[in-house]
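Undergrad: Following this line is target-v3.cif, made up of mmCIF, N, CA and C atoms:
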```
data_query
loop_
_atom_site.label_atom_id
_atom_site.label_comp_id
_atom_site.auth_asym_id
_atom_site.auth_seq_id
_atom_site.Cartn_x
_atom_site.Cartn_y
_atom_site.Cartn_z
N GLU A 1 134.10 9.78 94.01
CA GLU A 1 132.70 9.71 93.61
C GLU A 1 131.84 9.62 94.87
N LEU A 2 130.81 10.42 94.94
CA LEU A 2 129.94 10.46 96.10
C LEU A 2 128.75 9.53 95.90
N ALA A 3 128.40 8.83 96.96
CA ALA A 3 127.22 7.97 96.88
C ALA A 3 125.98 8.85 96.92
N ALA A 4 125.00 8.47 96.17
CA ALA A 4 123.75 9.24 96.14
C ALA A 4 123.03 9.06 97.47
N GLU A 5 122.47 10.14 97.95
CA GLU A 5 121.64 10.09 99.16
C GLU A 5 120.37 9.31 98.84
N PRO A 6 119.92 8.47 99.75
CA PRO A 6 118.64 7.80 99.48
C PRO A 6 117.52 8.83 99.38
N ALA A 7 116.64 8.61 98.45
CA ALA A 7 115.53 9.55 98.26
C ALA A 7 114.61 9.51 99.47
N ALA A 8 114.33 10.66 100.02
CA ALA A 8 113.40 10.74 101.15
C ALA A 8 111.98 10.63 100.61
N THR A 9 111.14 10.05 101.39
CA THR A 9 109.75 9.95 100.98
C THR A 9 109.16 11.35 100.97
N ALA A 10 108.57 11.70 99.86
CA ALA A 10 107.97 13.04 99.74
C ALA A 10 106.77 13.14 100.66
N PRO A 11 106.59 14.30 101.29
CA PRO A 11 105.40 14.48 102.14
C PRO A 11 104.13 14.33 101.31
N ALA A 12 103.11 13.82 101.95
CA ALA A 12 101.82 13.67 101.28
C ALA A 12 101.25 15.05 100.97
N ARG A 13 100.42 15.08 99.96
CA ARG A 13 99.72 16.32 99.60
C ARG A 13 98.35 16.30 100.25
N LEU A 14 97.89 17.43 100.71
CA LEU A 14 96.57 17.49 101.33
C LEU A 14 95.92 18.82 101.01
N GLY A 15 94.95 18.78 100.10
CA GLY A 15 94.26 20.00 99.71
C GLY A 15 92.81 19.75 99.32
N SER A 16 92.40 18.47 99.39
CA SER A 16 91.04 18.14 98.97
C SER A 16 90.55 16.90 99.71
N ALA A 17 89.27 16.62 99.56
CA ALA A 17 88.69 15.42 100.17
C ALA A 17 89.35 14.16 99.61
N ALA A 18 89.64 14.15 98.31
CA ALA A 18 90.29 12.98 97.70
C ALA A 18 91.68 12.77 98.29
N ASP A 19 92.41 13.86 98.51
CA ASP A 19 93.73 13.76 99.14
C ASP A 19 93.60 13.20 100.55
N TRP A 20 92.58 13.64 101.30
CA TRP A 20 92.37 13.16 102.66
C TRP A 20 92.10 11.67 102.66
N HIS A 21 91.25 11.20 101.76
CA HIS A 21 90.94 9.76 101.68
C HIS A 21 92.20 8.96 101.41
N ALA A 22 93.01 9.41 100.46
CA ALA A 22 94.25 8.71 100.12
C ALA A 22 95.22 8.72 101.30
N LEU A 23 95.31 9.86 101.97
CA LEU A 23 96.20 9.98 103.13
C LEU A 23 95.76 9.04 104.24
N VAL A 24 94.48 9.03 104.58
CA VAL A 24 93.98 8.17 105.65
C VAL A 24 94.18 6.70 105.30
N ASP A 25 93.92 6.34 104.04
CA ASP A 25 94.08 4.94 103.62
C ASP A 25 95.52 4.47 103.76
N GLY A 26 96.48 5.36 103.57
CA GLY A 26 97.88 4.99 103.65
C GLY A 26 98.56 5.34 104.95
N LEU A 27 97.83 5.85 105.91
CA LEU A 27 98.42 6.34 107.15
C LEU A 27 98.98 5.24 108.04
N GLY A 28 98.37 4.08 108.00
CA GLY A 28 98.87 2.96 108.79
C GLY A 28 98.64 3.10 110.29
N VAL A 29 97.63 3.83 110.67
CA VAL A 29 97.29 4.00 112.09
C VAL A 29 96.08 3.14 112.37
N GLY A 30 96.20 2.31 113.39
CA GLY A 30 95.09 1.44 113.74
C GLY A 30 94.38 1.89 114.99
N GLY A 31 93.53 1.04 115.49
CA GLY A 31 92.82 1.31 116.73
C GLY A 31 91.91 2.52 116.66
N ILE A 32 91.73 3.14 117.80
CA ILE A 32 90.81 4.28 117.88
C ILE A 32 91.31 5.44 117.03
N ALA A 33 92.63 5.66 116.99
CA ALA A 33 93.18 6.75 116.18
C ALA A 33 92.84 6.54 114.70
N GLY A 34 92.94 5.32 114.22
CA GLY A 34 92.59 5.02 112.83
C GLY A 34 91.12 5.23 112.56
N GLU A 35 90.29 4.79 113.49
CA GLU A 35 88.84 4.99 113.31
C GLU A 35 88.49 6.47 113.38
N LEU A 36 89.18 7.21 114.24
CA LEU A 36 88.96 8.66 114.32
C LEU A 36 89.26 9.29 112.96
N ALA A 37 90.38 8.95 112.36
CA ALA A 37 90.75 9.48 111.05
C ALA A 37 89.70 9.11 110.01
N HIS A 38 89.23 7.85 110.02
CA HIS A 38 88.26 7.40 109.03
C HIS A 38 86.90 8.07 109.17
N ASN A 39 86.60 8.59 110.35
CA ASN A 39 85.30 9.23 110.58
C ASN A 39 85.36 10.74 110.49
N CYS A 40 86.50 11.27 110.06
CA CYS A 40 86.65 12.71 109.86
C CYS A 40 86.66 13.03 108.36
N ALA A 41 86.21 14.23 108.05
CA ALA A 41 86.29 14.74 106.67
C ALA A 41 87.19 15.95 106.67
N PHE A 42 87.94 16.11 105.60
CA PHE A 42 88.85 17.23 105.45
C PHE A 42 88.07 18.52 105.24
N ARG A 43 88.48 19.56 105.96
CA ARG A 43 87.88 20.89 105.75
C ARG A 43 88.91 21.87 105.23
N ASP A 44 90.09 21.92 105.89
CA ASP A 44 91.07 22.93 105.49
C ASP A 44 92.43 22.60 106.10
N LEU A 45 93.48 23.02 105.42
CA LEU A 45 94.83 22.99 105.96
C LEU A 45 95.42 24.36 105.69
N ASP A 46 95.64 25.12 106.76
CA ASP A 46 96.12 26.49 106.61
C ASP A 46 97.14 26.79 107.70
N GLU A 47 98.31 27.18 107.29
CA GLU A 47 99.39 27.58 108.21
C GLU A 47 99.61 26.57 109.32
N GLY A 48 99.72 25.30 108.95
CA GLY A 48 100.03 24.26 109.92
C GLY A 48 98.87 23.83 110.79
N CYS A 49 97.67 24.28 110.48
CA CYS A 49 96.48 23.86 111.24
C CYS A 49 95.55 23.09 110.31
N LEU A 50 95.34 21.83 110.63
CA LEU A 50 94.45 20.97 109.86
C LEU A 50 93.08 20.97 110.53
N THR A 51 92.06 21.40 109.80
CA THR A 51 90.70 21.43 110.32
C THR A 51 89.93 20.26 109.72
N LEU A 52 89.33 19.46 110.60
CA LEU A 52 88.57 18.29 110.20
C LEU A 52 87.16 18.37 110.79
N SER A 53 86.21 17.75 110.10
CA SER A 53 84.86 17.60 110.64
C SER A 53 84.69 16.16 111.08
N LEU A 54 84.30 15.95 112.31
CA LEU A 54 84.06 14.61 112.84
C LEU A 54 82.57 14.36 112.85
N ASP A 55 82.18 13.26 112.23
CA ASP A 55 80.78 12.85 112.21
C ASP A 55 80.30 12.72 113.67
N PRO A 56 79.20 13.42 114.04
CA PRO A 56 78.72 13.36 115.42
C PRO A 56 78.46 11.93 115.91
N ALA A 57 78.13 11.02 115.02
CA ALA A 57 77.90 9.62 115.42
C ALA A 57 79.18 8.96 115.91
N ALA A 58 80.33 9.55 115.60
CA ALA A 58 81.62 8.96 115.99
C ALA A 58 82.34 9.82 117.03
N GLU A 59 81.63 10.71 117.69
CA GLU A 59 82.25 11.60 118.66
C GLU A 59 82.93 10.83 119.79
N HIS A 60 82.45 9.64 120.10
CA HIS A 60 83.05 8.83 121.17
C HIS A 60 84.50 8.44 120.87
N LEU A 61 84.93 8.56 119.61
CA LEU A 61 86.32 8.24 119.24
C LEU A 61 87.28 9.36 119.61
N ARG A 62 86.74 10.48 119.97
CA ARG A 62 87.57 11.66 120.26
C ARG A 62 88.11 11.59 121.69
N VAL A 63 89.20 10.89 121.84
CA VAL A 63 89.87 10.77 123.14
C VAL A 63 91.30 11.28 122.96
N PRO A 64 91.89 11.88 124.02
CA PRO A 64 93.21 12.50 123.89
C PRO A 64 94.29 11.60 123.29
N GLY A 65 94.39 10.36 123.73
CA GLY A 65 95.42 9.47 123.21
C GLY A 65 95.26 9.23 121.72
N ALA A 66 94.04 9.07 121.25
CA ALA A 66 93.79 8.83 119.83
C ALA A 66 94.11 10.07 119.01
N GLU A 67 93.71 11.23 119.51
CA GLU A 67 94.01 12.48 118.80
C GLU A 67 95.51 12.70 118.70
N SER A 68 96.22 12.40 119.76
CA SER A 68 97.67 12.58 119.78
C SER A 68 98.35 11.63 118.78
N ARG A 69 97.95 10.36 118.79
CA ARG A 69 98.51 9.40 117.83
C ARG A 69 98.19 9.78 116.40
N LEU A 70 96.99 10.27 116.16
CA LEU A 70 96.61 10.70 114.82
C LEU A 70 97.45 11.89 114.39
N ARG A 71 97.61 12.87 115.27
CA ARG A 71 98.42 14.05 114.94
C ARG A 71 99.85 13.65 114.61
N GLU A 72 100.43 12.76 115.41
CA GLU A 72 101.81 12.32 115.15
C GLU A 72 101.93 11.63 113.79
N ALA A 73 100.99 10.77 113.46
CA ALA A 73 101.01 10.07 112.17
C ALA A 73 100.85 11.07 111.02
N LEU A 74 99.97 12.05 111.20
CA LEU A 74 99.77 13.06 110.16
C LEU A 74 101.01 13.94 110.01
N GLU A 75 101.66 14.26 111.10
CA GLU A 75 102.90 15.05 111.02
C GLU A 75 103.96 14.30 110.22
N ARG A 76 104.08 12.99 110.47
CA ARG A 76 105.05 12.19 109.71
C ARG A 76 104.68 12.18 108.23
N ALA A 77 103.41 11.97 107.94
CA ALA A 77 102.96 11.88 106.55
C ALA A 77 103.07 13.20 105.81
N LEU A 78 102.78 14.30 106.51
CA LEU A 78 102.77 15.62 105.87
C LEU A 78 104.12 16.34 105.99
N GLY A 79 105.03 15.78 106.78
CA GLY A 79 106.38 16.32 106.83
C GLY A 79 106.58 17.56 107.67
N GLY A 80 105.86 17.70 108.76
CA GLY A 80 106.09 18.87 109.61
C GLY A 80 105.13 18.95 110.76
N PRO A 81 105.39 19.91 111.67
CA PRO A 81 104.50 20.08 112.82
C PRO A 81 103.10 20.48 112.38
N LEU A 82 102.14 20.06 113.16
CA LEU A 82 100.75 20.25 112.77
C LEU A 82 99.87 20.42 114.00
N ARG A 83 98.93 21.32 113.90
CA ARG A 83 97.86 21.42 114.89
C ARG A 83 96.62 20.82 114.23
N ILE A 84 95.83 20.13 115.03
CA ILE A 84 94.60 19.56 114.49
C ILE A 84 93.42 20.16 115.22
N ASP A 85 92.48 20.67 114.46
CA ASP A 85 91.24 21.22 115.00
C ASP A 85 90.12 20.31 114.52
N ILE A 86 89.63 19.46 115.42
CA ILE A 86 88.56 18.52 115.07
C ILE A 86 87.25 19.13 115.55
N GLN A 87 86.39 19.44 114.60
CA GLN A 87 85.10 20.05 114.91
C GLN A 87 84.01 18.99 114.72
N VAL A 88 83.24 18.77 115.78
CA VAL A 88 82.15 17.81 115.70
C VAL A 88 81.01 18.48 114.94
N ALA A 89 80.81 18.04 113.73
CA ALA A 89 79.78 18.60 112.86
C ALA A 89 79.55 17.63 111.72
N ARG A 90 78.34 17.58 111.25
CA ARG A 90 78.05 16.70 110.12
C ARG A 90 78.95 17.09 108.95
N PRO A 91 79.82 16.17 108.50
CA PRO A 91 80.73 16.51 107.41
C PRO A 91 79.99 16.88 106.13
N GLN A 92 80.51 17.86 105.44
CA GLN A 92 79.94 18.30 104.16
C GLN A 92 80.33 17.33 103.05
N GLN A 93 81.41 16.58 103.29
CA GLN A 93 81.89 15.61 102.31
C GLN A 93 81.88 14.24 102.96
N GLU A 94 81.95 13.22 102.13
CA GLU A 94 81.96 11.85 102.60
C GLU A 94 83.26 11.57 103.37
N THR A 95 83.13 10.94 104.53
CA THR A 95 84.30 10.53 105.29
C THR A 95 84.81 9.21 104.72
N PRO A 96 86.06 8.84 105.01
CA PRO A 96 86.53 7.53 104.56
C PRO A 96 85.66 6.39 105.08
N ALA A 97 85.16 6.50 106.31
CA ALA A 97 84.28 5.45 106.86
C ALA A 97 82.97 5.39 106.08
N GLN A 98 82.40 6.53 105.74
CA GLN A 98 81.17 6.55 104.96
C GLN A 98 81.41 5.98 103.56
N ARG A 99 82.58 6.29 102.99
CA ARG A 99 82.93 5.75 101.67
C ARG A 99 83.04 4.24 101.75
N ARG A 100 83.69 3.74 102.80
CA ARG A 100 83.85 2.29 103.00
C ARG A 100 82.48 1.62 103.09
N THR A 101 81.56 2.21 103.84
CA THR A 101 80.21 1.65 103.98
C THR A 101 79.46 1.67 102.66
N ARG A 102 79.56 2.79 101.93
CA ARG A 102 78.88 2.91 100.63
C ARG A 102 79.42 1.88 99.64
N GLU A 103 80.75 1.74 99.60
CA GLU A 103 81.34 0.78 98.66
C GLU A 103 80.97 -0.66 99.01
N ALA A 104 80.90 -0.98 100.30
CA ALA A 104 80.49 -2.32 100.73
C ALA A 104 79.04 -2.58 100.32
N GLN A 105 78.18 -1.59 100.47
CA GLN A 105 76.78 -1.71 100.06
C GLN A 105 76.67 -1.92 98.55
N GLN A 106 77.48 -1.18 97.79
CA GLN A 106 77.46 -1.34 96.33
C GLN A 106 77.93 -2.74 95.93
N ARG A 107 78.94 -3.27 96.63
CA ARG A 107 79.40 -4.64 96.32
C ARG A 107 78.32 -5.66 96.65
N ARG A 108 77.61 -5.45 97.79
CA ARG A 108 76.51 -6.36 98.14
C ARG A 108 75.40 -6.32 97.09
N GLU A 109 75.05 -5.11 96.66
CA GLU A 109 74.00 -4.97 95.65
C GLU A 109 74.42 -5.62 94.33
N ALA A 110 75.70 -5.51 93.97
CA ALA A 110 76.19 -6.15 92.75
C ALA A 110 76.15 -7.66 92.89
N ALA A 111 76.45 -8.19 94.08
CA ALA A 111 76.40 -9.63 94.32
C ALA A 111 74.97 -10.14 94.20
N VAL A 112 74.01 -9.39 94.75
CA VAL A 112 72.60 -9.78 94.66
C VAL A 112 72.16 -9.77 93.19
N ALA A 113 72.52 -8.73 92.46
CA ALA A 113 72.17 -8.65 91.04
C ALA A 113 72.79 -9.81 90.27
N SER A 114 74.02 -10.15 90.61
CA SER A 114 74.70 -11.26 89.95
C SER A 114 73.98 -12.58 90.22
N MET A 115 73.55 -12.79 91.45
CA MET A 115 72.80 -14.02 91.79
C MET A 115 71.48 -14.08 91.03
N HIS A 116 70.78 -12.95 90.93
CA HIS A 116 69.51 -12.94 90.23
C HIS A 116 69.70 -13.15 88.73
N ALA A 117 70.84 -12.74 88.19
CA ALA A 117 71.10 -12.87 86.76
C ALA A 117 71.72 -14.22 86.41
N ASP A 118 72.22 -14.95 87.39
CA ASP A 118 72.90 -16.22 87.12
C ASP A 118 71.88 -17.31 86.78
N PRO A 119 71.96 -17.89 85.58
CA PRO A 119 70.96 -18.90 85.18
C PRO A 119 71.01 -20.16 86.06
N VAL A 120 72.18 -20.57 86.50
CA VAL A 120 72.28 -21.76 87.36
C VAL A 120 71.61 -21.48 88.70
N ALA A 121 71.89 -20.34 89.29
CA ALA A 121 71.27 -19.98 90.56
C ALA A 121 69.76 -19.87 90.40
N HIS A 122 69.33 -19.31 89.27
CA HIS A 122 67.90 -19.16 88.99
C HIS A 122 67.23 -20.54 88.91
N ARG A 123 67.86 -21.48 88.17
CA ARG A 123 67.28 -22.83 88.05
C ARG A 123 67.24 -23.54 89.41
N LEU A 124 68.29 -23.41 90.20
CA LEU A 124 68.29 -24.02 91.54
C LEU A 124 67.17 -23.46 92.40
N ARG A 125 67.02 -22.16 92.33
CA ARG A 125 65.97 -21.52 93.12
C ARG A 125 64.59 -22.05 92.71
N GLU A 126 64.36 -22.17 91.41
CA GLU A 126 63.07 -22.70 90.94
C GLU A 126 62.90 -24.16 91.30
N ARG A 127 63.94 -24.96 91.08
CA ARG A 127 63.85 -26.40 91.34
C ARG A 127 63.60 -26.68 92.81
N LEU A 128 64.21 -25.90 93.68
CA LEU A 128 64.04 -26.12 95.12
C LEU A 128 62.89 -25.31 95.70
N ASP A 129 62.20 -24.55 94.83
CA ASP A 129 61.12 -23.67 95.28
C ASP A 129 61.59 -22.84 96.47
N ALA A 130 62.74 -22.17 96.27
CA ALA A 130 63.39 -21.43 97.35
C ALA A 130 63.39 -19.94 97.03
N GLU A 131 63.69 -19.16 98.04
CA GLU A 131 63.86 -17.71 97.90
C GLU A 131 65.20 -17.35 98.51
N TRP A 132 65.77 -16.25 98.04
CA TRP A 132 67.00 -15.75 98.65
C TRP A 132 66.66 -15.19 100.02
N VAL A 133 67.49 -15.48 100.98
CA VAL A 133 67.32 -14.91 102.32
C VAL A 133 67.84 -13.48 102.27
N PRO A 134 66.98 -12.50 102.61
CA PRO A 134 67.44 -11.11 102.56
C PRO A 134 68.74 -10.92 103.36
N ASP A 135 69.64 -10.15 102.80
CA ASP A 135 70.92 -9.80 103.43
C ASP A 135 71.86 -10.99 103.63
N SER A 136 71.57 -12.15 103.00
CA SER A 136 72.47 -13.30 103.16
C SER A 136 73.48 -13.39 102.03
N ILE A 137 73.28 -12.65 100.96
CA ILE A 137 74.18 -12.69 99.82
C ILE A 137 75.31 -11.69 100.07
N GLU A 138 76.54 -12.18 100.05
CA GLU A 138 77.72 -11.36 100.29
C GLU A 138 78.66 -11.47 99.10
N PRO A 139 79.35 -10.39 98.77
CA PRO A 139 80.33 -10.44 97.67
C PRO A 139 81.49 -11.36 98.05
N ALA A 140 82.13 -11.95 97.05
CA ALA A 140 83.23 -12.89 97.29
C ALA A 140 84.57 -12.20 97.46
N ASP A 141 84.62 -10.87 97.42
CA ASP A 141 85.92 -10.19 97.51
C ASP A 141 86.43 -10.28 98.91
#
```
What would the structure in this file look like if it were written as C-alpha cells?

TA:
Amino acid sequence: ELAAEPAATAPARLGSAADWHALVDGLGVGGIAGELAHNCAFRDLDEGCLTLSLDPAAEHLRVPGAESRLREALERALGGPLRIDIQVARPQQETPAQRRTREAQQRREAAVASMHADPVAHRLRERLDAEWVPDSIEPAD
C-alpha cells in the first residue's frame, strides 16, 4: 500500500482586482515589499508578466530590494516564474492600501454614529454639557 502524497498548496488565482486583494492579504510579506504590494492595483497577468499600477503617492516604495522580495513572494504564491511590470500611474481600481483606509474610515464613522445613538452617552454629554472631540472616537475593533 502506498502512502498518499501530501497535498501541495494550490497556486493562487489572479485574474481580477478581488483576486489581487486576497493574494496581497495572504502573501505574508512585510516591510517595504508588503507596503509596495498594498499600494499597487492589479492590471493584467499575461504570459508570466504581472502588470501592476503603483499609486504615485507611494512611488518611494519602489526600491530594488522590495521589488525583488515581492516578486519572489508572488512567484511562490502563483506557482511559477514571474516578471513584474510596475507602472507608476493612478490606479483605475482601489489598491489594498486604499481599501484599508476606506474600511478604517467606515469603522470610525460607524463608531461616531453609535456614540450619537447611544442613550447613555447622550445623557452623559447633556449632563456634563460636553461635546465630542472631533476625530477622538475610535472603533473598538

Undergrad: DSSP on the backbone, then: every residue of range 51-119 of chain A marked alpha helix (DSSP H), written as a PDB file with N, CA and C atoms, in the coordinates of the input.

TA:
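Writing the result to states.pdb gives the following:
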```
ATOM      1  N   PRO A  64      91.890  11.880 124.020  1.00  0.00           N
ATOM      2  CA  PRO A  64      93.210  12.500 123.890  1.00  0.00           C
ATOM      3  C   PRO A  64      94.290  11.600 123.290  1.00  0.00           C
ATOM      4  N   GLY A  65      94.390  10.360 123.730  1.00  0.00           N
ATOM      5  CA  GLY A  65      95.420   9.470 123.210  1.00  0.00           C
ATOM      6  C   GLY A  65      95.260   9.230 121.720  1.00  0.00           C
ATOM      7  N   ALA A  66      94.040   9.070 121.250  1.00  0.00           N
ATOM      8  CA  ALA A  66      93.790   8.830 119.830  1.00  0.00           C
ATOM      9  C   ALA A  66      94.110  10.070 119.010  1.00  0.00           C
ATOM     10  N   GLU A  67      93.710  11.230 119.510  1.00  0.00           N
ATOM     11  CA  GLU A  67      94.010  12.480 118.800  1.00  0.00           C
ATOM     12  C   GLU A  67      95.510  12.700 118.700  1.00  0.00           C
ATOM     13  N   SER A  68      96.220  12.400 119.760  1.00  0.00           N
ATOM     14  CA  SER A  68      97.670  12.580 119.780  1.00  0.00           C
ATOM     15  C   SER A  68      98.350  11.630 118.780  1.00  0.00           C
ATOM     16  N   ARG A  69      97.950  10.360 118.790  1.00  0.00           N
ATOM     17  CA  ARG A  69      98.510   9.400 117.830  1.00  0.00           C
ATOM     18  C   ARG A  69      98.190   9.780 116.400  1.00  0.00           C
ATOM     19  N   LEU A  70      96.990  10.270 116.160  1.00  0.00           N
ATOM     20  CA  LEU A  70      96.610  10.700 114.820  1.00  0.00           C
ATOM     21  C   LEU A  70      97.450  11.890 114.390  1.00  0.00           C
ATOM     22  N   ARG A  71      97.610  12.870 115.270  1.00  0.00           N
ATOM     23  CA  ARG A  71      98.420  14.050 114.940  1.00  0.00           C
ATOM     24  C   ARG A  71      99.850  13.650 114.610  1.00  0.00           C
ATOM     25  N   GLU A  72     100.430  12.760 115.410  1.00  0.00           N
ATOM     26  CA  GLU A  72     101.810  12.320 115.150  1.00  0.00           C
ATOM     27  C   GLU A  72     101.930  11.630 113.790  1.00  0.00           C
ATOM     28  N   ALA A  73     100.990  10.770 113.460  1.00  0.00           N
ATOM     29  CA  ALA A  73     101.010  10.070 112.170  1.00  0.00           C
ATOM     30  C   ALA A  73     100.850  11.070 111.020  1.00  0.00           C
ATOM     31  N   LEU A  74      99.970  12.050 111.200  1.00  0.00           N
ATOM     32  CA  LEU A  74      99.770  13.060 110.160  1.00  0.00           C
ATOM     33  C   LEU A  74     101.010  13.940 110.010  1.00  0.00           C
ATOM     34  N   GLU A  75     101.660  14.260 111.100  1.00  0.00           N
ATOM     35  CA  GLU A  75     102.900  15.050 111.020  1.00  0.00           C
ATOM     36  C   GLU A  75     103.960  14.300 110.220  1.00  0.00           C
ATOM     37  N   ARG A  76     104.080  12.990 110.470  1.00  0.00           N
ATOM     38  CA  ARG A  76     105.050  12.190 109.710  1.00  0.00           C
ATOM     39  C   ARG A  76     104.680  12.180 108.230  1.00  0.00           C
ATOM     40  N   ALA A  77     103.410  11.970 107.940  1.00  0.00           N
ATOM     41  CA  ALA A  77     102.960  11.880 106.550  1.00  0.00           C
ATOM     42  C   ALA A  77     103.070  13.200 105.810  1.00  0.00           C
ATOM     43  N   LEU A  78     102.780  14.300 106.510  1.00  0.00           N
ATOM     44  CA  LEU A  78     102.770  15.620 105.870  1.00  0.00           C
ATOM     45  C   LEU A  78     104.120  16.340 105.990  1.00  0.00           C
ATOM     46  N   PRO A  96      86.060   8.840 105.010  1.00  0.00           N
ATOM     47  CA  PRO A  96      86.530   7.530 104.560  1.00  0.00           C
ATOM     48  C   PRO A  96      85.660   6.390 105.080  1.00  0.00           C
ATOM     49  N   ALA A  97      85.160   6.500 106.310  1.00  0.00           N
ATOM     50  CA  ALA A  97      84.280   5.450 106.860  1.00  0.00           C
ATOM     51  C   ALA A  97      82.970   5.390 106.080  1.00  0.00           C
ATOM     52  N   GLN A  98      82.400   6.530 105.740  1.00  0.00           N
ATOM     53  CA  GLN A  98      81.170   6.550 104.960  1.00  0.00           C
ATOM     54  C   GLN A  98      81.410   5.980 103.560  1.00  0.00           C
ATOM     55  N   ARG A  99      82.580   6.290 102.990  1.00  0.00           N
ATOM     56  CA  ARG A  99      82.930   5.750 101.670  1.00  0.00           C
ATOM     57  C   ARG A  99      83.040   4.240 101.750  1.00  0.00           C
ATOM     58  N   ARG A 100      83.690   3.740 102.800  1.00  0.00           N
ATOM     59  CA  ARG A 100      83.850   2.290 103.000  1.00  0.00           C
ATOM     60  C   ARG A 100      82.480   1.620 103.090  1.00  0.00           C
ATOM     61  N   THR A 101      81.560   2.210 103.840  1.00  0.00           N
ATOM     62  CA  THR A 101      80.210   1.650 103.980  1.00  0.00           C
ATOM     63  C   THR A 101      79.460   1.670 102.660  1.00  0.00           C
ATOM     64  N   ARG A 102      79.560   2.790 101.930  1.00  0.00           N
ATOM     65  CA  ARG A 102      78.880   2.910 100.630  1.00  0.00           C
ATOM     66  C   ARG A 102      79.420   1.880  99.640  1.00  0.00           C
ATOM     67  N   GLU A 103      80.750   1.740  99.600  1.00  0.00           N
ATOM     68  CA  GLU A 103      81.340   0.780  98.660  1.00  0.00           C
ATOM     69  C   GLU A 103      80.970  -0.660  99.010  1.00  0.00           C
ATOM     70  N   ALA A 104      80.900  -0.980 100.300  1.00  0.00           N
ATOM     71  CA  ALA A 104      80.490  -2.320 100.730  1.00  0.00           C
ATOM     72  C   ALA A 104      79.040  -2.580 100.320  1.00  0.00           C
ATOM     73  N   GLN A 105      78.180  -1.590 100.470  1.00  0.00           N
ATOM     74  CA  GLN A 105      76.780  -1.710 100.060  1.00  0.00           C
ATOM     75  C   GLN A 105      76.670  -1.920  98.550  1.00  0.00           C
ATOM     76  N   GLN A 106      77.480  -1.180  97.790  1.00  0.00           N
ATOM     77  CA  GLN A 106      77.460  -1.340  96.330  1.00  0.00           C
ATOM     78  C   GLN A 106      77.930  -2.740  95.930  1.00  0.00           C
ATOM     79  N   ARG A 107      78.940  -3.270  96.630  1.00  0.00           N
ATOM     80  CA  ARG A 107      79.400  -4.640  96.320  1.00  0.00           C
ATOM     81  C   ARG A 107      78.320  -5.660  96.650  1.00  0.00           C
ATOM     82  N   ARG A 108      77.610  -5.450  97.790  1.00  0.00           N
ATOM     83  CA  ARG A 108      76.510  -6.360  98.140  1.00  0.00           C
ATOM     84  C   ARG A 108      75.400  -6.320  97.090  1.00  0.00           C
ATOM     85  N   GLU A 109      75.050  -5.110  96.660  1.00  0.00           N
ATOM     86  CA  GLU A 109      74.000  -4.970  95.650  1.00  0.00           C
ATOM     87  C   GLU A 109      74.420  -5.620  94.330  1.00  0.00           C
ATOM     88  N   ALA A 110      75.700  -5.510  93.970  1.00  0.00           N
ATOM     89  CA  ALA A 110      76.190  -6.150  92.750  1.00  0.00           C
ATOM     90  C   ALA A 110      76.150  -7.660  92.890  1.00  0.00           C
ATOM     91  N   ALA A 111      76.450  -8.190  94.080  1.00  0.00           N
ATOM     92  CA  ALA A 111      76.400  -9.630  94.320  1.00  0.00           C
ATOM     93  C   ALA A 111      74.970 -10.140  94.200  1.00  0.00           C
ATOM     94  N   VAL A 112      74.010  -9.390  94.750  1.00  0.00           N
ATOM     95  CA  VAL A 112      72.600  -9.780  94.660  1.00  0.00           C
ATOM     96  C   VAL A 112      72.160  -9.770  93.190  1.00  0.00           C
ATOM     97  N   ALA A 113      72.520  -8.730  92.460  1.00  0.00           N
ATOM     98  CA  ALA A 113      72.170  -8.650  91.040  1.00  0.00           C
ATOM     99  C   ALA A 113      72.790  -9.810  90.270  1.00  0.00           C
ATOM    100  N   SER A 114      74.020 -10.150  90.610  1.00  0.00           N
ATOM    101  CA  SER A 114      74.700 -11.260  89.950  1.00  0.00           C
ATOM    102  C   SER A 114      73.980 -12.580  90.220  1.00  0.00           C
ATOM    103  N   MET A 115      73.550 -12.790  91.450  1.00  0.00           N
ATOM    104  CA  MET A 115      72.800 -14.020  91.790  1.00  0.00           C
ATOM    105  C   MET A 115      71.480 -14.080  91.030  1.00  0.00           C
ATOM    106  N   HIS A 116      70.780 -12.950  90.930  1.00  0.00           N
ATOM    107  CA  HIS A 116      69.510 -12.940  90.230  1.00  0.00           C
ATOM    108  C   HIS A 116      69.700 -13.150  88.730  1.00  0.00           C
ATOM    109  N   ALA A 117      70.840 -12.740  88.190  1.00  0.00           N
ATOM    110  CA  ALA A 117      71.100 -12.870  86.760  1.00  0.00           C
ATOM    111  C   ALA A 117      71.720 -14.220  86.410  1.00  0.00           C
ATOM    112  N   PRO A 119      71.960 -17.890  85.580  1.00  0.00           N
ATOM    113  CA  PRO A 119      70.960 -18.900  85.180  1.00  0.00           C
ATOM    114  C   PRO A 119      71.010 -20.160  86.060  1.00  0.00           C
TER     115      PRO A 119
END
```

Undergrad: Between atom C of Pro91 in chain A and atom N of Leu45 in chain A, what is the spacing in Å?

TA: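 So the two atoms, atom N of Leu45 in chain A and atom C of Pro91 in chain A, lie 14.8 Å apart.
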
Undergrad: Which residues, written as a list in words, have at least one atom at most 9 Å from Arg13 in chain A, with only C-alpha atoms counted and residues fewer than 3 positions away on the same chain left out?

TA: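 Close residues of Arg13 in chain A: Ala10, Ser16, Asp19, Trp20, Leu23, Ala77 and Leu78 of chain A.
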
Undergrad: Any chance you can output those residues with N, CA and C atoms as a CSV table (one decimal), keeping the file's coordinate frame?

TA:
```csv
chain,number,residue,atom,x,y,z
A,10,ALA,N,108.6,11.7,99.9
A,10,ALA,CA,108.0,13.0,99.7
A,10,ALA,C,106.8,13.1,100.7
A,16,SER,N,92.4,18.5,99.4
A,16,SER,CA,91.0,18.1,99.0
A,16,SER,C,90.6,16.9,99.7
A,19,ASP,N,92.4,13.9,98.5
A,19,ASP,CA,93.7,13.8,99.1
A,19,ASP,C,93.6,13.2,100.6
A,20,TRP,N,92.6,13.6,101.3
A,20,TRP,CA,92.4,13.2,102.7
A,20,TRP,C,92.1,11.7,102.7
A,23,LEU,N,95.3,9.9,102.0
A,23,LEU,CA,96.2,10.0,103.1
A,23,LEU,C,95.8,9.0,104.2
A,77,ALA,N,103.4,12.0,107.9
A,77,ALA,CA,103.0,11.9,106.6
A,77,ALA,C,103.1,13.2,105.8
A,78,LEU,N,102.8,14.3,106.5
A,78,LEU,CA,102.8,15.6,105.9
A,78,LEU,C,104.1,16.3,106.0
```
